[in-house]
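What follows is a set of notes on a single structure, which appears directly below.
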Amino acid sequence: MSNNITQQLQSQVQEAYTDKTPLKILAGNSKDFYGRAVDANILDVSEHQGIISYEPTELVITARAGTRLTDIEFTLNDSNQMLAFEPPHFASTATLGGTIACNMSGPRRAYTGAARDFVLGSNIINGKAEQLKFGGQVMKNVAGYDASRLMCGAMGGLGVILDVSLKVIPKPEAEITVSHECDINQAMQYMHQWVKQSLPVSASCYVGSQLYTRLSGNQSSVTSAQQIIGGEVIGNNLVFWQQVKEQSHNFFNTEKSIWRLSLASNSSPLNSLAGDTLYEWGGALRWLSSDEPAEKIRETLSSLGGHATLFKNNTQNIAPFQPLSTGMLSIHKKLKHAFDPENIFNPGCMYKEL
Amino acid sequence: MTSPTNKTSLIRRLEHILPPESVLHQTEDLHPFECDGLSAYRNLPIAVVLPDKLEQVQAILKLCYELNVPVVARGAGTGLSGGALPHSDGILLSLAKFKEIIDIDPVQRVARVQPGVRNLAISEAVSQYDLYYAPDPSSQIACTIGGNVAENSGGVHCLKYGLTVHNIQQIKIITIEGELLTIGGSGLDSPGYDLLALMTGSEGMLGVIVEVTVKLLPKPESAQVILAAFDDLIKAGEAVGNIISAGIIPAGLEMMDKLAIKAAEEFVHAGYPMDAVAILLCELDGSDAEVTENISTVKNILQQSGATEVRVARDDAERITFWKGRKAAFPAVGRISPDYYCMDGTIPRKHLPHVLKTMAELSAAYELPVANVFHAGDGNLHPLILYDANKPGELERTEEFGGKILELCVEVGGSITGEHGIGMEKINQMCVQFKPLELSQFHAIKDAFDKKGLLNPGKAVPTLHRCAEFGAMHVHHGELPHPELERF
C-alpha cells in the first residue's frame, strides 16, 4: 500500500521535474501560516503514513512523513517514552514530516534539544525524483554528509521527506511546575541559576510577571529540586505548557504581529522594541507581539547575533525570515540547486530566492 | 601543480603570505605531518603551512583556488581514519597555531574558541565556573575542537549528552574561495538551512573551520559507576537493553570482552574480574538524589539480568580506576600484539548477538584474534583486530577482515562508522553503505561548496568509478545499476 504511495509520489515528482512545474508539499496543513505562500500544484503526502518500526529498547521510532504526530505520541506513550523536543501541533492534523521540515520544537527544547537533534536518518525524494536514504536507525553514524539533519527546517525545499527515524527518550517519572512572581530581571537570573545548579528543569516561561518552571525527572530529584527553588506548585501543569506550546495562551490572543526572536539566553530585555514579550527556553526564545517595523526588529536582533521570524499575523506580507548574508545566500542557492536543480519544491517558501 | 617550477613558485607565493618559518617544505620538516592517527597511510605534501591569523588562512585558500592546489586541513592529527592524510600535489593547512580561547560566557554557558584548542583544554578552562564540554573522545587530551567538528566526534558520554553536532552553537568557516562565513548564531537556532549540521562531520571537504562556539554543561552534582561481570556476552548485551527499558539513560554504558578485559587488567590493574566473559561499566550522573535512586535500580537490573558480580565504586578514586581500564583499552591491546586495527561500526543493539557470533567466525577464518570494546549503550563497536604488520600479507588480511565487519554492520541496518569518520580508510565501504544515487547527491553537495574539488580531495565520498572498481555495487536480479557507467 505505502509502496504504491511512494511510487505515486515519485512519479508526480518525476513529472514536475520533466515539466519544470513547481510543487507545494503538503500533509496536515497545520502550519500553513508559516513561511511565504507557495502557489503551485499540491503534492499531498498525507496518505503516506504509518509507523514503520518502533523498538522501545533501541530508543528509535521510524515513521512515514504523513503519520499524524498524535499517533506517534500515543504509541510512544504506551511504552512510557516520548519525543524529547515536545513539538507543537498547531492543529490535530499535524504530521511528522511537517514537524521535521519546519524543525518545530516546544518548551523542552532548551533543555533536551531540538527536532534536528533527534533525527537519525531519513528517506527522501530529491528534485530529480530520485529516492535517497541518508543516516539510519543508529545513534552514532558519521558516514557521508548529514543530509537527513539538513532536511530539518529546510521547509521541503531540498526534498520530499518520505520517512524519518528519530531517537526517543523515556518519559520522566515525575513532573511538576512551580511559579514565582517576580520581575523579568529576577526571572532571568533564576532561569540561569537553576540550570547551572544541575536542577532537572525541563521548561521555563516568563509571562505576566510570573516565572513558570517545570521540573521533570525521578521523584526524588523533582522533590529535592522543588525544595531548593521554592515557589507555588501550579495545579494545571499539563494545560499550561500545552497553551504555551500551541500558542493558545492568552498572550497570543492579539491582532498584532507575533515575532519569534531567537537570541543569546542572557541578552537583556529588548526594551527598545515596543510590545509584550513572553519568554521561553531560559531566555533564548522570546515571543514579541508588536507593531514595530520589521527592519527595526531585525536590526536589533542582528546586532545581538540572533534572528527574528515573523511567525503569525503577517498582515503586510513581510518576508517572514531574517535575510541571509550575501555569502550565506549564495551557498543556500547552490545547495538548493544540488538537491532540486529545477527548483520545483516549495519555491520561495523560505526565501524568495530559494 | 606537479612540476618542480610550479612547486617552487607556489612555495614562494606562500612565503609572501606567511613568514618563511611558517611554510615548511624541506622533506625532513614534512615527515612529522605525513600521517594522522591512522599511520598505515602516509604521504608527503608539497608544503605544510602554519598560519596564525584568519587573513592568512583566507589568502592561502584564495591562492590555492587560483592555482588549483589541493588543501588538506589538519588539527592535532589524532584522527583514526586518515582524514588528515596529506595530498602529494597539495598543501597541508595546519590550524595548530589557532589555540586561543576567545571568550567564555558562564551565564549563557558557551565558549568561543579557535579551532586548534584541545578538547580537554576547554573543560579545564571552564572548570572554574563548574562547567564542562561534554563530548569526550578518547583522544581528548590531544585532539582539537576544529577536528572534532570536522569529524563529529563522540566519546563515552554521548549516549546521554550527544555528539559534537549537539554541543556546538556557531562556527566560522573559510570557503575554498577565501570567504569567511558565520554559520549558526548566538541563539539556539538560525535562519536558513541547517548548515551547522551539514558542516559537522564533513571531514574538511566543504570548508575550513576557523572558530567554534561550544555549548557548556554544568558539572553534575554527583556521578557514580557500577561494574558488572557476566559469564556470557549475550546476557551482558541484554542487560544493556534492560537498563534502557527501565527509563534510565546512563551517562556512559560500556562493554568489554574477555580479551579486552585481560589486556586492560594486565596493563592498568583496574581490578576487573579476570574470569568474566564480559564486563559492563555503567555510569550514572545527576543530582545526588537522582543518582542514589538510579544506582539502586540499575544494580537490581544487572543482577536480574544474570550478572555474576555487581560492584558499585566505593568512592571517586575507585570510579576513576574502573574507567581507567576502559580508557586504556586501546594501548592495553597494543601491548599484547605487535599491531592492532581499530574498527568503528555501529549496529542496532538488538543485533549484537548475531554480530558477535559472526565476528567470532570471521576471526577464526582469517586466523586473526579480535578484542572487543563497545560503547554498548549506543551500539558503537570498536573491534580491535590483532595482527603483525611485519608478517607479509597480514595487514592486507586484516583490512579485508575489517571490511567484512563493516559490511556486516551495514547488513544489520547499522553504519560503517560511528565516530571515526570515513577519511581514506573506509572509502571503499562507502560503496556498501550508500547506493550510487546517494553518492552522487553527496558529490553535488560537495560541488555546492567546492566546485573545483580542492578541499581534501579523494576522501570521505568515493567516486562512482571507485565503487565500480571495488565491485561492491549491489547486483539485483543480475541487473547492474547504472549500466551506462564504465566498469573495471
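To be explicit about the labels: the chains of the C-alpha cells are called A, B, and onward in the order shown, and within each one the residues are counted from 1, while ligands get numbers from 1 in the order they are shown.
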Output as a list of chain:residue names all residues of region 110-141 of chain B that backbone DSSP marks as strand (DSSP E or B).
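Matching residues for strand (DSSP E or B) in region 110-141 of chain B are B:Val110, B:Ala111, B:Arg112, B:Val113, B:Arg118, B:Leu131, B:Tyr132.
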Could you list, as a list in words, every residue of chain A that has an atom within 6 Å of an atom of chain B, counting only C-alpha atoms?
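On the chain A side, the interface is Thr57, Leu132, Val138, Met139, Lys140, Asn141, Val142, Ala143, Tyr145, Asp146, Leu150, Ala154, Pro170, Lys196, Ser220, Ser221, Ser262, Leu263, Ala264, Ser265, Asn266, Ala284, Gly305, Gly306, Lys334, Leu335 and Ala338 of chain A.
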Would you put the residues from that selection into a file with N, CA and C atoms, as a compact mmCIF listing (two decimals), in the first residue's frame?
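Result file is out_0.txt:
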```txt
# COMPACT_ATOMS: atom_id res chain seq x y z
N THR A 57 13.37 -0.53 23.36
CA THR A 57 14.70 -0.73 23.97
C THR A 57 15.82 -0.12 23.12
N LEU A 132 16.31 8.64 -2.05
CA LEU A 132 17.62 8.55 -1.40
C LEU A 132 17.45 8.27 0.09
N VAL A 138 20.65 4.17 13.86
CA VAL A 138 21.61 4.05 14.96
C VAL A 138 21.97 5.44 15.49
N MET A 139 22.35 5.48 16.76
CA MET A 139 22.59 6.75 17.44
C MET A 139 23.81 7.48 16.88
N LYS A 140 24.80 6.69 16.48
CA LYS A 140 26.04 7.32 16.02
C LYS A 140 26.30 6.87 14.59
N ASN A 141 26.50 7.84 13.73
CA ASN A 141 26.65 7.49 12.32
C ASN A 141 27.29 8.69 11.63
N VAL A 142 28.55 8.58 11.27
CA VAL A 142 29.19 9.72 10.61
C VAL A 142 29.60 9.40 9.18
N ALA A 143 28.91 8.42 8.56
CA ALA A 143 29.21 8.08 7.17
C ALA A 143 28.47 9.04 6.24
N TYR A 145 27.79 12.99 4.34
CA TYR A 145 27.31 14.25 4.90
C TYR A 145 25.97 14.03 5.59
N ASP A 146 25.70 14.84 6.59
CA ASP A 146 24.49 14.66 7.38
C ASP A 146 23.27 15.25 6.65
N LEU A 150 19.97 17.86 7.55
CA LEU A 150 19.82 19.04 6.68
C LEU A 150 18.36 19.25 6.25
N ALA A 154 14.36 22.75 6.50
CA ALA A 154 14.56 23.18 5.11
C ALA A 154 13.23 23.49 4.44
N PRO A 170 12.91 8.25 27.40
CA PRO A 170 11.92 7.80 28.39
C PRO A 170 11.16 8.99 28.96
N LYS A 196 22.25 26.02 36.02
CA LYS A 196 23.66 25.93 36.45
C LYS A 196 23.80 25.01 37.66
N SER A 220 12.54 11.56 43.44
CA SER A 220 13.40 12.14 44.46
C SER A 220 14.09 13.41 43.96
N SER A 221 14.50 13.43 42.68
CA SER A 221 15.20 14.63 42.21
C SER A 221 14.22 15.80 42.03
N SER A 262 14.99 34.73 18.39
CA SER A 262 15.93 33.71 18.87
C SER A 262 17.26 34.40 19.10
N LEU A 263 17.77 34.34 20.32
CA LEU A 263 18.99 35.08 20.66
C LEU A 263 19.67 34.47 21.88
N ALA A 264 20.81 35.02 22.25
CA ALA A 264 21.53 34.51 23.41
C ALA A 264 20.63 34.61 24.64
N SER A 265 20.60 33.53 25.43
CA SER A 265 19.65 33.46 26.55
C SER A 265 19.84 34.59 27.54
N ASN A 266 21.07 35.08 27.69
CA ASN A 266 21.31 36.11 28.71
C ASN A 266 21.26 37.54 28.15
N ALA A 284 16.27 32.23 25.73
CA ALA A 284 16.82 32.14 24.36
C ALA A 284 15.73 32.25 23.29
N GLY A 305 23.42 38.99 17.31
CA GLY A 305 23.77 37.66 16.77
C GLY A 305 22.58 36.72 16.71
N GLY A 306 21.39 37.28 16.88
CA GLY A 306 20.18 36.43 16.84
C GLY A 306 19.40 36.67 15.56
N LYS A 334 23.17 27.41 -4.05
CA LYS A 334 23.90 26.28 -4.64
C LYS A 334 23.43 24.96 -4.05
N LEU A 335 23.16 24.95 -2.74
CA LEU A 335 22.69 23.72 -2.11
C LEU A 335 21.30 23.34 -2.63
N ALA A 338 21.70 21.80 -5.79
CA ALA A 338 22.27 20.45 -5.68
C ALA A 338 21.19 19.40 -5.42
```
Do a neighbour search on Gln114 (chain B) at 6 Å with only C-alpha atoms, toss out local chain neighbours closer than 2 positions, and write the hits as a ChimeraX atom specification.
/B:98-100,116-117,211
Dump as a PDB file, in the first residue's frame, selection limited to C-alpha atoms:
```pdb
ATOM      1  CA  PHE B  98      44.941  28.857  16.493  1.00  0.00           C
ATOM      2  CA  LYS B  99      44.767  27.888  20.137  1.00  0.00           C
ATOM      3  CA  GLU B 100      43.151  30.818  21.849  1.00  0.00           C
ATOM      4  CA  GLY B 116      43.348  24.484  17.495  1.00  0.00           C
ATOM      5  CA  VAL B 117      42.177  24.472  21.115  1.00  0.00           C
ATOM      6  CA  GLU B 211      36.205  29.258  15.056  1.00  0.00           C
TER       7      GLU B 211
END
```
Counting only C-alpha atoms, what is within 6 Å of Arg108 (chain A), bar same-chain residues fewer than 5 positions away, as number ranges by chain?
A: 85, 202-203
Check which residues of region 56-165 of chain B sit at most 8 Å from region 4-20 of chain B using only C-alpha atoms, and return one row each with the closest pair of atoms and their distance in Å to one decimal, ordered by chain and rising number, as JSON lines.
```
{"residue": "B:Gln56", "atom": "CA", "partner": "B:Ile17", "partner_atom": "CA", "distance": 6.2}
{"residue": "B:Ala59", "atom": "CA", "partner": "B:Ile17", "partner_atom": "CA", "distance": 6.8}
{"residue": "B:Ile60", "atom": "CA", "partner": "B:Leu14", "partner_atom": "CA", "distance": 6.9}
```
Those same residues, written as a PDB file, in the first residue's frame with N, CA and C atoms?
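To be explicit, this is the file written out as selection-v8.pdb:
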```pdb
ATOM      1  N   GLN B  56      45.452  35.266   6.935  1.00  0.00           N
ATOM      2  CA  GLN B  56      46.426  34.390   6.277  1.00  0.00           C
ATOM      3  C   GLN B  56      45.725  33.147   5.712  1.00  0.00           C
ATOM      4  N   ALA B  59      43.991  34.147   2.613  1.00  0.00           N
ATOM      5  CA  ALA B  59      44.917  34.353   1.493  1.00  0.00           C
ATOM      6  C   ALA B  59      45.442  33.024   0.963  1.00  0.00           C
ATOM      7  N   ILE B  60      45.720  32.091   1.858  1.00  0.00           N
ATOM      8  CA  ILE B  60      46.232  30.770   1.439  1.00  0.00           C
ATOM      9  C   ILE B  60      45.178  30.060   0.582  1.00  0.00           C
TER      10      ILE B  60
END
```
Shell around Leu26 (chain A) at 12 Å using only C-alpha atoms, local window under 4 positions removed, as a ChimeraX atom specification
/A:9,30-32,38,40-48,65-66,93-99,101,155-156,160-161,345-346
d(CA of Leu67 (chain B), CA of Cys35 (chain B)) in Å:
24.5 Å
Members of region 160-367 of chain B assigned helix (DSSP H, G or I) by DSSP, as a VMD selection string
chain B and resid 160 to 161 164 to 166 195 to 199 233 to 245 258 to 268 288 to 304 316 to 327 329 to 336 349 to 366
Quick one: of A:Gln137, A:Ser330, A:Asn218, A:Ser257, who's nearest to Leu310 (chain A), counting only C-alpha atoms?
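Once distances to Leu310 (chain A) are computed over only C-alpha atoms, the minimum belongs to A:Ser257.
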CA of Ala263 (chain B) sits from CA of Val333 (chain B) at a separation of 5.6 Å
Selection near region 76-91 of chain B, 7 Å with only C-alpha atoms, sequence-local residues under 4 positions removed, as a short mmCIF file (atom, residue, chain, number, x, y, z; two decimals) with C-alpha atoms, in the first residue's frame:
```cif
data_model
loop_
_atom_site.label_atom_id
_atom_site.label_comp_id
_atom_site.auth_asym_id
_atom_site.auth_seq_id
_atom_site.Cartn_x
_atom_site.Cartn_y
_atom_site.Cartn_z
CA MET B 1 50.90 21.56 -9.95
CA THR B 2 53.38 18.69 -10.05
CA GLU B 34 52.94 12.52 6.81
CA CYS B 35 50.05 10.78 8.57
CA ASP B 36 47.37 11.23 11.21
CA GLY B 37 46.35 8.65 13.85
CA LEU B 38 46.00 6.04 11.11
CA TYR B 41 48.64 5.54 5.30
CA ARG B 42 51.47 8.05 4.75
CA ASN B 43 52.07 10.80 2.22
CA LEU B 44 54.19 13.94 1.97
CA PRO B 45 52.55 17.19 0.84
CA ILE B 46 54.32 19.88 -1.19
CA ALA B 47 54.33 22.12 1.85
CA VAL B 48 52.91 22.43 5.34
CA VAL B 69 46.18 23.30 -5.43
CA PRO B 70 44.55 20.69 -3.14
CA VAL B 71 44.27 21.65 0.53
CA VAL B 72 44.09 19.25 3.47
CA ALA B 96 47.60 24.18 15.29
CA ALA B 142 45.36 15.95 22.37
CA CYS B 143 42.61 16.29 19.75
CA THR B 144 41.42 19.78 18.81
CA GLU B 203 35.68 15.86 7.13
CA HIS B 420 35.96 7.95 13.47
CA GLY B 421 34.87 9.12 10.04
CA ILE B 422 35.45 7.74 6.55
CA GLY B 423 38.67 9.52 5.61
CA MET B 424 40.80 7.28 3.41
CA GLU B 425 40.28 4.19 5.48
CA LYS B 459 38.48 11.41 0.96
#
```
Between CA of Cys431 (chain B) and CA of Gly403 (chain B), what is the distance, to one decimal in Å?
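If I compute the distance from CA of Cys431 (chain B) to CA of Gly403 (chain B), I get 11.5 Å.
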Skip Lys452 (chain B) itself and residues of its chain fewer than 2 positions away, then list as a ChimeraX atom specification all residues within 8 Å of it, counting only C-alpha atoms.
/B:65,68,447,450,454
